[in-house]
file upload_20.pdb (PDB, C-alpha atoms)
ATOM      1  CA  MET A   1      -2.988  -4.573 -15.806
ATOM      2  CA  THR A   2      -4.233  -1.012 -15.327
ATOM      3  CA  PRO A   3      -2.393   0.903 -12.582
ATOM      4  CA  ILE A   4      -4.380   2.410  -9.716
ATOM      5  CA  ILE A   5      -2.954   5.703  -8.428
ATOM      6  CA  PHE A   6      -4.178   7.301  -5.219
ATOM      7  CA  ASP A   7      -4.245  10.708  -3.620
ATOM      8  CA  LEU A   8      -3.197  10.576   0.039
ATOM      9  CA  ASP A   9      -4.815  13.091   2.410
ATOM     10  CA  GLY A  10      -8.569  12.625   2.527
ATOM     11  CA  THR A  11      -8.364   9.542   0.316
ATOM     12  CA  LEU A  12      -6.208   6.873   1.965
ATOM     13  CA  LEU A  13      -5.823   8.668   5.283
ATOM     14  CA  ASN A  14      -7.836  11.105   7.354
ATOM     15  CA  SER A  15      -4.835  13.274   8.208
ATOM     16  CA  ALA A  16      -6.609  16.580   8.839
ATOM     17  CA  PRO A  17      -6.427  16.345  12.662
ATOM     18  CA  ASP A  18      -2.615  16.068  12.577
ATOM     19  CA  ILE A  19      -2.376  18.884  10.049
ATOM     20  CA  GLN A  20      -4.557  21.029  12.327
ATOM     21  CA  ALA A  21      -2.397  20.150  15.324
ATOM     22  CA  ALA A  22       0.768  21.194  13.451
ATOM     23  CA  VAL A  23      -0.869  24.433  12.316
ATOM     24  CA  ASN A  24      -1.942  25.259  15.848
ATOM     25  CA  ARG A  25       1.491  24.507  17.319
ATOM     26  CA  LEU A  26       2.824  27.025  14.826
ATOM     27  CA  MET A  27       0.072  29.508  15.693
ATOM     28  CA  GLY A  28       1.029  29.223  19.359
ATOM     29  CA  GLU A  29       4.661  29.979  18.496
ATOM     30  CA  ILE A  30       3.769  33.178  16.674
ATOM     31  CA  GLY A  31       1.119  34.357  19.114
ATOM     32  CA  GLN A  32      -1.940  33.722  16.963
ATOM     33  CA  GLU A  33      -5.253  32.121  17.842
ATOM     34  CA  PRO A  34      -5.657  28.407  17.001
ATOM     35  CA  LEU A  35      -7.717  27.419  13.979
ATOM     36  CA  GLU A  36     -10.737  25.138  14.036
ATOM     37  CA  LEU A  37     -10.577  21.839  12.150
ATOM     38  CA  ALA A  38     -13.100  22.975   9.538
ATOM     39  CA  THR A  39     -10.971  26.032   8.754
ATOM     40  CA  VAL A  40      -7.873  23.895   8.257
ATOM     41  CA  ILE A  41      -9.735  21.350   6.120
ATOM     42  CA  SER A  42     -10.966  24.157   3.870
ATOM     43  CA  SER A  43      -7.313  24.925   3.060
ATOM     44  CA  ILE A  44      -6.123  21.345   2.398
ATOM     45  CA  GLY A  45      -5.558  20.063  -1.133
ATOM     46  CA  ASN A  46      -3.214  22.421  -2.957
ATOM     47  CA  GLY A  47      -0.034  21.766  -0.977
ATOM     48  CA  ILE A  48       1.533  23.093   2.202
ATOM     49  CA  GLY A  49       2.506  26.438   0.672
ATOM     50  CA  VAL A  50      -1.092  27.237  -0.244
ATOM     51  CA  LEU A  51      -2.228  26.019   3.179
ATOM     52  CA  CYS A  52       0.185  28.438   4.856
ATOM     53  CA  ALA A  53      -0.851  31.272   2.567
ATOM     54  CA  ARG A  54      -4.480  30.729   3.537
ATOM     55  CA  VAL A  55      -3.596  30.531   7.240
ATOM     56  CA  ALA A  56      -1.633  33.794   6.935
ATOM     57  CA  GLU A  57      -4.553  35.436   5.152
ATOM     58  CA  HIS A  58      -6.972  34.204   7.811
ATOM     59  CA  HIS A  59      -4.896  35.912  10.525
ATOM     60  CA  GLY A  60      -4.014  38.973   8.452
ATOM     61  CA  LEU A  61      -0.313  38.110   8.369
ATOM     62  CA  PRO A  62       1.960  39.518   5.629
ATOM     63  CA  ALA A  63       2.319  37.408   2.498
ATOM     64  CA  ALA A  64       6.081  37.848   2.857
ATOM     65  CA  ASP A  65       5.901  35.643   5.982
ATOM     66  CA  VAL A  66       4.522  32.638   4.091
ATOM     67  CA  PRO A  67       7.838  30.974   3.073
ATOM     68  CA  ASP A  68       9.086  31.030   6.663
ATOM     69  CA  LEU A  69       5.729  29.835   7.995
ATOM     70  CA  THR A  70       5.724  27.024   5.439
ATOM     71  CA  ALA A  71       9.142  25.773   6.542
ATOM     72  CA  ARG A  72       8.172  25.955  10.211
ATOM     73  CA  LEU A  73       4.842  24.213   9.638
ATOM     74  CA  LEU A  74       6.563  21.418   7.735
ATOM     75  CA  ALA A  75       8.962  20.927  10.645
ATOM     76  CA  HIS A  76       6.066  20.718  13.104
ATOM     77  CA  TYR A  77       4.174  18.280  10.911
ATOM     78  CA  ASN A  78       7.220  16.080  10.264
ATOM     79  CA  ALA A  79       7.768  15.795  13.995
ATOM     80  CA  GLU A  80       4.279  14.340  14.583
ATOM     81  CA  PRO A  81       2.645  13.281  11.291
ATOM     82  CA  ALA A  82       0.584  10.349  12.547
ATOM     83  CA  THR A  83      -0.568  10.925  16.121
ATOM     84  CA  LEU A  84      -4.200  11.645  15.231
ATOM     85  CA  THR A  85      -4.247  10.397  11.631
ATOM     86  CA  TYR A  86      -5.928   7.106  10.705
ATOM     87  CA  ALA A  87      -6.495   5.044   7.589
ATOM     88  CA  TYR A  88     -10.073   5.013   6.370
ATOM     89  CA  PRO A  89     -11.883   1.753   7.147
ATOM     90  CA  GLY A  90     -11.342  -0.898   4.483
ATOM     91  CA  VAL A  91      -8.230   0.688   2.920
ATOM     92  CA  PHE A  92      -5.875  -2.202   3.740
ATOM     93  CA  GLU A  93      -8.305  -4.840   2.535
ATOM     94  CA  ALA A  94      -9.024  -3.039  -0.730
ATOM     95  CA  LEU A  95      -5.340  -2.451  -1.470
ATOM     96  CA  SER A  96      -4.558  -6.079  -0.671
ATOM     97  CA  GLU A  97      -7.236  -7.261  -3.098
ATOM     98  CA  LEU A  98      -6.045  -4.928  -5.861
ATOM     99  CA  ARG A  99      -2.472  -6.151  -5.349
ATOM    100  CA  THR A 100      -3.641  -9.763  -5.509
ATOM    101  CA  ARG A 101      -5.316  -8.982  -8.838
ATOM    102  CA  GLY A 102      -2.018  -7.639 -10.165
ATOM    103  CA  HIS A 103      -2.714  -3.905 -10.354
ATOM    104  CA  PRO A 104       0.421  -1.738  -9.989
ATOM    105  CA  MET A 105      -0.250   0.986  -7.415
ATOM    106  CA  ALA A 106       1.265   4.359  -6.535
ATOM    107  CA  VAL A 107       0.514   7.589  -4.690
ATOM    108  CA  CYS A 108       0.323  11.041  -6.282
ATOM    109  CA  THR A 109      -0.236  13.761  -3.680
ATOM    110  CA  ASN A 110       0.367  17.457  -3.122
ATOM    111  CA  LYS A 111       1.856  16.666   0.304
ATOM    112  CA  PRO A 112       5.661  17.006   0.129
ATOM    113  CA  GLU A 113       7.240  13.669  -0.775
ATOM    114  CA  ALA A 114       9.259  13.088   2.423
ATOM    115  CA  PRO A 115       6.342  13.410   4.894
ATOM    116  CA  ALA A 116       4.094  11.527   2.478
ATOM    117  CA  ARG A 117       6.489   8.585   2.491
ATOM    118  CA  LYS A 118       6.895   8.856   6.269
ATOM    119  CA  VAL A 119       3.199   8.735   7.027
ATOM    120  CA  LEU A 120       2.622   5.868   4.579
ATOM    121  CA  ALA A 121       5.384   3.895   6.288
ATOM    122  CA  THR A 122       3.962   4.704   9.724
ATOM    123  CA  PHE A 123       0.702   3.015   8.778
ATOM    124  CA  GLY A 124       2.336   0.150   6.879
ATOM    125  CA  LEU A 125       0.843   1.324   3.607
ATOM    126  CA  ASP A 126       4.160   1.928   1.878
ATOM    127  CA  THR A 127       4.518  -1.730   0.901
ATOM    128  CA  PHE A 128       1.527  -1.445  -1.441
ATOM    129  CA  PHE A 129       2.985   1.324  -3.606
ATOM    130  CA  GLU A 130       5.737   1.147  -6.206
ATOM    131  CA  THR A 131       6.369   4.885  -6.097
ATOM    132  CA  VAL A 132       5.265   8.103  -4.421
ATOM    133  CA  VAL A 133       5.128  11.464  -6.200
ATOM    134  CA  GLY A 134       4.707  14.414  -3.843
ATOM    135  CA  GLY A 135       3.978  18.078  -4.195
ATOM    136  CA  ASP A 136       7.683  18.885  -4.376
ATOM    137  CA  THR A 137       8.721  15.975  -6.629
ATOM    138  CA  CYS A 138       7.947  17.671  -9.945
ATOM    139  CA  ALA A 139       8.166  21.215 -11.248
ATOM    140  CA  THR A 140       4.367  21.498 -10.974
ATOM    141  CA  ARG A 141       1.694  20.351  -8.532
ATOM    142  CA  LYS A 142      -1.824  19.021  -9.007
ATOM    143  CA  PRO A 143      -4.174  19.995 -10.626
ATOM    144  CA  ASP A 144      -1.501  20.203 -13.329
ATOM    145  CA  ALA A 145      -1.344  16.822 -15.059
ATOM    146  CA  GLY A 146       2.441  16.648 -14.750
ATOM    147  CA  PRO A 147       2.703  14.852 -11.380
ATOM    148  CA  LEU A 148       0.114  12.235 -12.343
ATOM    149  CA  ARG A 149       1.794  11.641 -15.697
ATOM    150  CA  GLU A 150       5.147  11.337 -13.906
ATOM    151  CA  THR A 151       3.615   8.743 -11.591
ATOM    152  CA  MET A 152       2.285   6.755 -14.542
ATOM    153  CA  ALA A 153       5.664   6.947 -16.268
ATOM    154  CA  ARG A 154       7.388   5.580 -13.176
ATOM    155  CA  LEU A 155       5.004   2.629 -13.311
ATOM    156  CA  GLY A 156       5.805   2.135 -16.981
ATOM    157  CA  HIS A 157       2.279   3.005 -18.147
ATOM    158  CA  THR A 158       0.517   5.790 -20.006
ATOM    159  CA  ASP A 159      -2.866   5.221 -18.382
ATOM    160  CA  CYS A 160      -4.324   4.632 -14.917
ATOM    161  CA  ILE A 161      -7.372   4.984 -12.726
ATOM    162  CA  TYR A 162      -6.957   7.881 -10.301
ATOM    163  CA  VAL A 163      -8.658   7.729  -6.891
ATOM    164  CA  GLY A 164      -9.046  10.981  -4.965
ATOM    165  CA  ASP A 165     -11.351  13.031  -2.797
ATOM    166  CA  SER A 166     -11.320  16.611  -4.050
ATOM    167  CA  GLU A 167     -11.831  19.009  -6.902
ATOM    168  CA  VAL A 168      -8.044  19.185  -7.246
ATOM    169  CA  ASP A 169      -7.911  15.440  -7.863
ATOM    170  CA  ALA A 170     -10.817  15.545 -10.304
ATOM    171  CA  GLU A 171      -9.177  18.349 -12.281
ATOM    172  CA  THR A 172      -5.884  16.440 -12.296
ATOM    173  CA  ALA A 173      -7.488  13.285 -13.671
ATOM    174  CA  LYS A 174      -9.334  15.307 -16.294
ATOM    175  CA  ALA A 175      -6.136  17.082 -17.357
ATOM    176  CA  ALA A 176      -4.336  13.735 -17.634
ATOM    177  CA  GLU A 177      -7.327  12.203 -19.483
ATOM    178  CA  VAL A 178      -7.769   9.257 -17.104
ATOM    179  CA  PRO A 179     -10.842   7.945 -15.234
ATOM    180  CA  PHE A 180     -11.482   9.468 -11.819
ATOM    181  CA  VAL A 181     -12.928   7.618  -8.819
ATOM    182  CA  PHE A 182     -14.270  10.092  -6.250
ATOM    183  CA  PHE A 183     -14.011   9.156  -2.551
ATOM    184  CA  THR A 184     -16.847  10.914  -0.758
ATOM    185  CA  HIS A 185     -15.464  11.137   2.806
ATOM    186  CA  GLY A 186     -12.495  13.424   2.141
ATOM    187  CA  TYR A 187     -11.902  17.137   1.769
ATOM    188  CA  CYS A 188     -13.849  18.239  -1.292
ATOM    189  CA  HIS A 189     -14.687  21.965  -1.243
ATOM    190  CA  VAL A 190     -17.151  22.098  -4.136
ATOM    191  CA  PRO A 191     -20.399  20.273  -4.980
ATOM    192  CA  PRO A 192     -19.443  16.843  -6.390
ATOM    193  CA  ALA A 193     -21.992  17.342  -9.162
ATOM    194  CA  THR A 194     -19.660  19.972 -10.640
ATOM    195  CA  LEU A 195     -16.824  17.443 -11.029
ATOM    196  CA  THR A 196     -16.015  14.984 -13.813
ATOM    197  CA  ILE A 197     -16.433  11.652 -12.011
ATOM    198  CA  HIS A 198     -16.373   8.163 -13.537
ATOM    199  CA  ALA A 199     -17.296   6.335 -10.323
ATOM    200  CA  THR A 200     -18.176   7.283  -6.753
ATOM    201  CA  LEU A 201     -16.607   5.493  -3.787
ATOM    202  CA  THR A 202     -18.336   5.699  -0.416
ATOM    203  CA  ASP A 203     -17.062   2.403   1.057
ATOM    204  CA  TRP A 204     -13.519   1.166   0.414
ATOM    205  CA  ALA A 205     -14.828  -2.387   0.226
ATOM    206  CA  ASP A 206     -16.412  -1.415  -3.090
ATOM    207  CA  LEU A 207     -13.186  -0.268  -4.760
ATOM    208  CA  PRO A 208     -12.073  -3.607  -6.277
ATOM    209  CA  GLY A 209     -15.495  -3.973  -7.911
ATOM    210  CA  ILE A 210     -15.391  -0.397  -9.222
ATOM    211  CA  VAL A 211     -11.948  -1.008 -10.707
ATOM    212  CA  ALA A 212     -13.172  -4.215 -12.328
ATOM    213  CA  GLU A 213     -16.066  -2.357 -13.953
ATOM    214  CA  LEU A 214     -13.846   0.491 -15.200
ATOM    215  CA  THR A 215     -11.318  -1.926 -16.694
ATOM    216  CA  ALA A 216     -13.784  -4.397 -18.209
TER     217      ALA A 216
END
call {"tool": "encode", "arguments": {"input": "upload_20.pdb", "output": "structure tokens"}}
result
Amino acid sequence: MTPIIFDLDGTLLNSAPDIQAAVNRLMGEIGQEPLELATVISSIGNGIGVLCARVAEHHGLPAADVPDLTARLLAHYNAEPATLTYAYPGVFEALSELRTRGHPMAVCTNKPEAPARKVLATFGLDTFFETVVGGDTCATRKPDAGPLRETMARLGHTDCIYVGDSEVDAETAKAAEVPFVFFTHGYCHVPPATLTIHATLTDWADLPGIVAELTA
């Protein structure tokens, strides 16, 4: 049975409000103005290091400060990763149906592995997934194909369907030469028409049917 591998932020969970809250706790510590949600969302997708680099650039902070800011932001986020976060409607039902049909499932995200596992467990989603590959699990991050290929290897497969919400996810699926299902309610920063998409997901209730069509 074809594995289904998922991105996390903006795909399974709307986690941007908690990421914004962590960023703004850090901004308060260093005497900077808080950032609006849209500004934070525009920086999500390439991992926490890139997020911090973009935050530093936004405030005109030295690039040399980014490693320290990254560590401090991660500590803030780990302390409260799921206060404002919520699973998108229909996620549990869709995952339950895919599990009933026998599809192995996993998560491949640019969020560091430890907080990714923590937030999945907080929402009771961890039981659906055989493995989690985070942004610090491999030597490379998405959109490099390495993390997705590592996830497939852990499942004992060389193929999958990848479900994600952004240009980073689309590029990852393309690099790994697997079908990409695009979730439309996440954090994409480019016109979807510019992406290589095999199916579009607007309602999680539709995912089992989409998977059936792609694997027919």
call {"tool": "resolve_selection", "arguments": {"input": "upload_20.pdb", "expression": "the PyMOL selection byres ((chain A and resi 178-193) around 7)", "output": "MDAnalysis selection string"}}
result
chainID A and resid 10:11 41:42 159:167 170 173:174 176:177 194:195 197:202
call {"tool": "write_last_selection", "arguments": {"input": "upload_20.pdb", "atoms": "C-alpha atoms", "output": "CSV table (one decimal), in the frame of the given file"}}
result
chain,number,residue,atom,x,y,z
A,10,GLY,CA,-8.6,12.6,2.5
A,11,THR,CA,-8.4,9.5,0.3
A,41,ILE,CA,-9.7,21.4,6.1
A,42,SER,CA,-11.0,24.2,3.9
A,159,ASP,CA,-2.9,5.2,-18.4
A,160,CYS,CA,-4.3,4.6,-14.9
A,161,ILE,CA,-7.4,5.0,-12.7
A,162,TYR,CA,-7.0,7.9,-10.3
A,163,VAL,CA,-8.7,7.7,-6.9
A,164,GLY,CA,-9.0,11.0,-5.0
A,165,ASP,CA,-11.4,13.0,-2.8
A,166,SER,CA,-11.3,16.6,-4.0
A,167,GLU,CA,-11.8,19.0,-6.9
A,170,ALA,CA,-10.8,15.5,-10.3
A,173,ALA,CA,-7.5,13.3,-13.7
A,174,LYS,CA,-9.3,15.3,-16.3
A,176,ALA,CA,-4.3,13.7,-17.6
A,177,GLU,CA,-7.3,12.2,-19.5
A,194,THR,CA,-19.7,20.0,-10.6
A,195,LEU,CA,-16.8,17.4,-11.0
A,197,ILE,CA,-16.4,11.7,-12.0
A,198,HIS,CA,-16.4,8.2,-13.5
A,199,ALA,CA,-17.3,6.3,-10.3
A,200,THR,CA,-18.2,7.3,-6.8
A,201,LEU,CA,-16.6,5.5,-3.8
A,202,THR,CA,-18.3,5.7,-0.4
call {"tool": "residues_around", "arguments": {"input": "upload_20.pdb", "residues": "Lys142 (chain A)", "least_positions_apart": "2", "cutoff": "10 Å", "atoms": "all atoms listed in the file", "output": "PyMOL selection string"}}
result
chain A and resi 45-47+108-110+134-135+138+140+144-148+168-173+175
call {"tool": "resolve_selection", "arguments": {"input": "upload_20.pdb", "expression": "the PyMOL selection byres ((chain A and resi 132) around 12)", "output": "PDB file with C-alpha atoms, in the coordinates of the input"}}
result
ATOM      1  CA  ILE A   5      -2.954   5.703  -8.428  1.00  0.00           C
ATOM      2  CA  PHE A   6      -4.178   7.301  -5.219  1.00  0.00           C
ATOM      3  CA  ASP A   7      -4.245  10.708  -3.620  1.00  0.00           C
ATOM      4  CA  LEU A   8      -3.197  10.576   0.039  1.00  0.00           C
ATOM      5  CA  MET A 105      -0.250   0.986  -7.415  1.00  0.00           C
ATOM      6  CA  ALA A 106       1.265   4.359  -6.535  1.00  0.00           C
ATOM      7  CA  VAL A 107       0.514   7.589  -4.690  1.00  0.00           C
ATOM      8  CA  CYS A 108       0.323  11.041  -6.282  1.00  0.00           C
ATOM      9  CA  THR A 109      -0.236  13.761  -3.680  1.00  0.00           C
ATOM     10  CA  ASN A 110       0.367  17.457  -3.122  1.00  0.00           C
ATOM     11  CA  LYS A 111       1.856  16.666   0.304  1.00  0.00           C
ATOM     12  CA  PRO A 112       5.661  17.006   0.129  1.00  0.00           C
ATOM     13  CA  GLU A 113       7.240  13.669  -0.775  1.00  0.00           C
ATOM     14  CA  ALA A 114       9.259  13.088   2.423  1.00  0.00           C
ATOM     15  CA  PRO A 115       6.342  13.410   4.894  1.00  0.00           C
ATOM     16  CA  ALA A 116       4.094  11.527   2.478  1.00  0.00           C
ATOM     17  CA  ARG A 117       6.489   8.585   2.491  1.00  0.00           C
ATOM     18  CA  LYS A 118       6.895   8.856   6.269  1.00  0.00           C
ATOM     19  CA  VAL A 119       3.199   8.735   7.027  1.00  0.00           C
ATOM     20  CA  LEU A 120       2.622   5.868   4.579  1.00  0.00           C
ATOM     21  CA  ALA A 121       5.384   3.895   6.288  1.00  0.00           C
ATOM     22  CA  LEU A 125       0.843   1.324   3.607  1.00  0.00           C
ATOM     23  CA  ASP A 126       4.160   1.928   1.878  1.00  0.00           C
ATOM     24  CA  THR A 127       4.518  -1.730   0.901  1.00  0.00           C
ATOM     25  CA  PHE A 128       1.527  -1.445  -1.441  1.00  0.00           C
ATOM     26  CA  PHE A 129       2.985   1.324  -3.606  1.00  0.00           C
ATOM     27  CA  GLU A 130       5.737   1.147  -6.206  1.00  0.00           C
ATOM     28  CA  THR A 131       6.369   4.885  -6.097  1.00  0.00           C
ATOM     29  CA  VAL A 133       5.128  11.464  -6.200  1.00  0.00           C
ATOM     30  CA  GLY A 134       4.707  14.414  -3.843  1.00  0.00           C
ATOM     31  CA  GLY A 135       3.978  18.078  -4.195  1.00  0.00           C
ATOM     32  CA  ASP A 136       7.683  18.885  -4.376  1.00  0.00           C
ATOM     33  CA  THR A 137       8.721  15.975  -6.629  1.00  0.00           C
ATOM     34  CA  CYS A 138       7.947  17.671  -9.945  1.00  0.00           C
ATOM     35  CA  PRO A 147       2.703  14.852 -11.380  1.00  0.00           C
ATOM     36  CA  LEU A 148       0.114  12.235 -12.343  1.00  0.00           C
ATOM     37  CA  GLU A 150       5.147  11.337 -13.906  1.00  0.00           C
ATOM     38  CA  THR A 151       3.615   8.743 -11.591  1.00  0.00           C
ATOM     39  CA  MET A 152       2.285   6.755 -14.542  1.00  0.00           C
ATOM     40  CA  ALA A 153       5.664   6.947 -16.268  1.00  0.00           C
ATOM     41  CA  ARG A 154       7.388   5.580 -13.176  1.00  0.00           C
ATOM     42  CA  LEU A 155       5.004   2.629 -13.311  1.00  0.00           C
TER      43      LEU A 155
END
call {"tool": "atom_distance", "arguments": {"input": "upload_20.pdb", "atom1": "CA of Leu37 (chain A)", "atom2": "CA of Asp18 (chain A)"}}
result
9.8 Å
call {"tool": "closest_residue", "arguments": {"input": "upload_20.pdb", "among": "A:Leu73, A:Val211, A:Ala38, A:Met1", "to": "Ala53 (chain A)", "atoms": "only C-alpha atoms"}}
result
A:Leu73
call {"tool": "closest_residue", "arguments": {"input": "upload_20.pdb", "among": "A:Pro208, A:His58, A:Leu35, A:Ser15", "to": "Ser96 (chain A)", "atoms": "only C-alpha atoms"}}
result
A:Pro208
call {"tool": "closest_residue", "arguments": {"input": "upload_20.pdb", "among": "A:Asn78, A:Leu214, A:Leu207, A:Thr39", "to": "Glu57 (chain A)", "atoms": "all atoms listed in the file"}}
result
A:Thr39
call {"tool": "resolve_selection", "arguments": {"input": "upload_20.pdb", "expression": "the PyMOL selection byres ((chain A and resi 85) around 7)", "output": "PyMOL selection string"}}
result
chain A and resi 13-15+17-18+82-84+86
call {"tool": "atom_distance", "arguments": {"input": "upload_20.pdb", "atom1": "CA of Ile19 (chain A)", "atom2": "CA of Pro67 (chain A)"}}
result
17.3 Å
call {"tool": "closest_residue", "arguments": {"input": "upload_20.pdb", "among": "A:Glu33, A:Gly60, A:Ile48, A:Gly102", "to": "Leu74 (chain A)", "atoms": "only C-alpha atoms"}}
result
A:Ile48
call {"tool": "atom_distance", "arguments": {"input": "upload_20.pdb", "atom1": "CA of Val55 (chain A)", "atom2": "CA of Gln32 (chain A)"}}
result
10.4 Å
call {"tool": "axis_aligned_box", "arguments": {"input": "upload_20.pdb", "around": "region 46-62 of chain A", "padding_each_side": "3 Å", "output": "AutoDock Vina command-line options"}}
result
--center_x -2.2 --center_y 30.6 --center_z 3.8 --size_x 15.5 --size_y 23.8 --size_z 19.5
call {"tool": "residues_around", "arguments": {"input": "upload_20.pdb", "residues": "Ala75 (chain A)", "least_positions_apart": "4", "cutoff": "10 Å", "atoms": "only C-alpha atoms", "output": "PyMOL selection string"}}
result
chain A and resi 22+26+69-71+79-81+115
call {"tool": "write_last_selection", "arguments": {"input": "upload_20.pdb", "atoms": "C-alpha atoms", "output": "mmCIF file, in the coordinates of the input"}}
result
data_model
loop_
_atom_site.group_PDB
_atom_site.id
_atom_site.type_symbol
_atom_site.label_atom_id
_atom_site.label_comp_id
_atom_site.auth_asym_id
_atom_site.auth_seq_id
_atom_site.Cartn_x
_atom_site.Cartn_y
_atom_site.Cartn_z
ATOM 1 C CA ALA A 22 0.768 21.194 13.451
ATOM 2 C CA LEU A 26 2.824 27.025 14.826
ATOM 3 C CA LEU A 69 5.729 29.835 7.995
ATOM 4 C CA THR A 70 5.724 27.024 5.439
ATOM 5 C CA ALA A 71 9.142 25.773 6.542
ATOM 6 C CA ALA A 79 7.768 15.795 13.995
ATOM 7 C CA GLU A 80 4.279 14.340 14.583
ATOM 8 C CA PRO A 81 2.645 13.281 11.291
ATOM 9 C CA PRO A 115 6.342 13.410 4.894
#
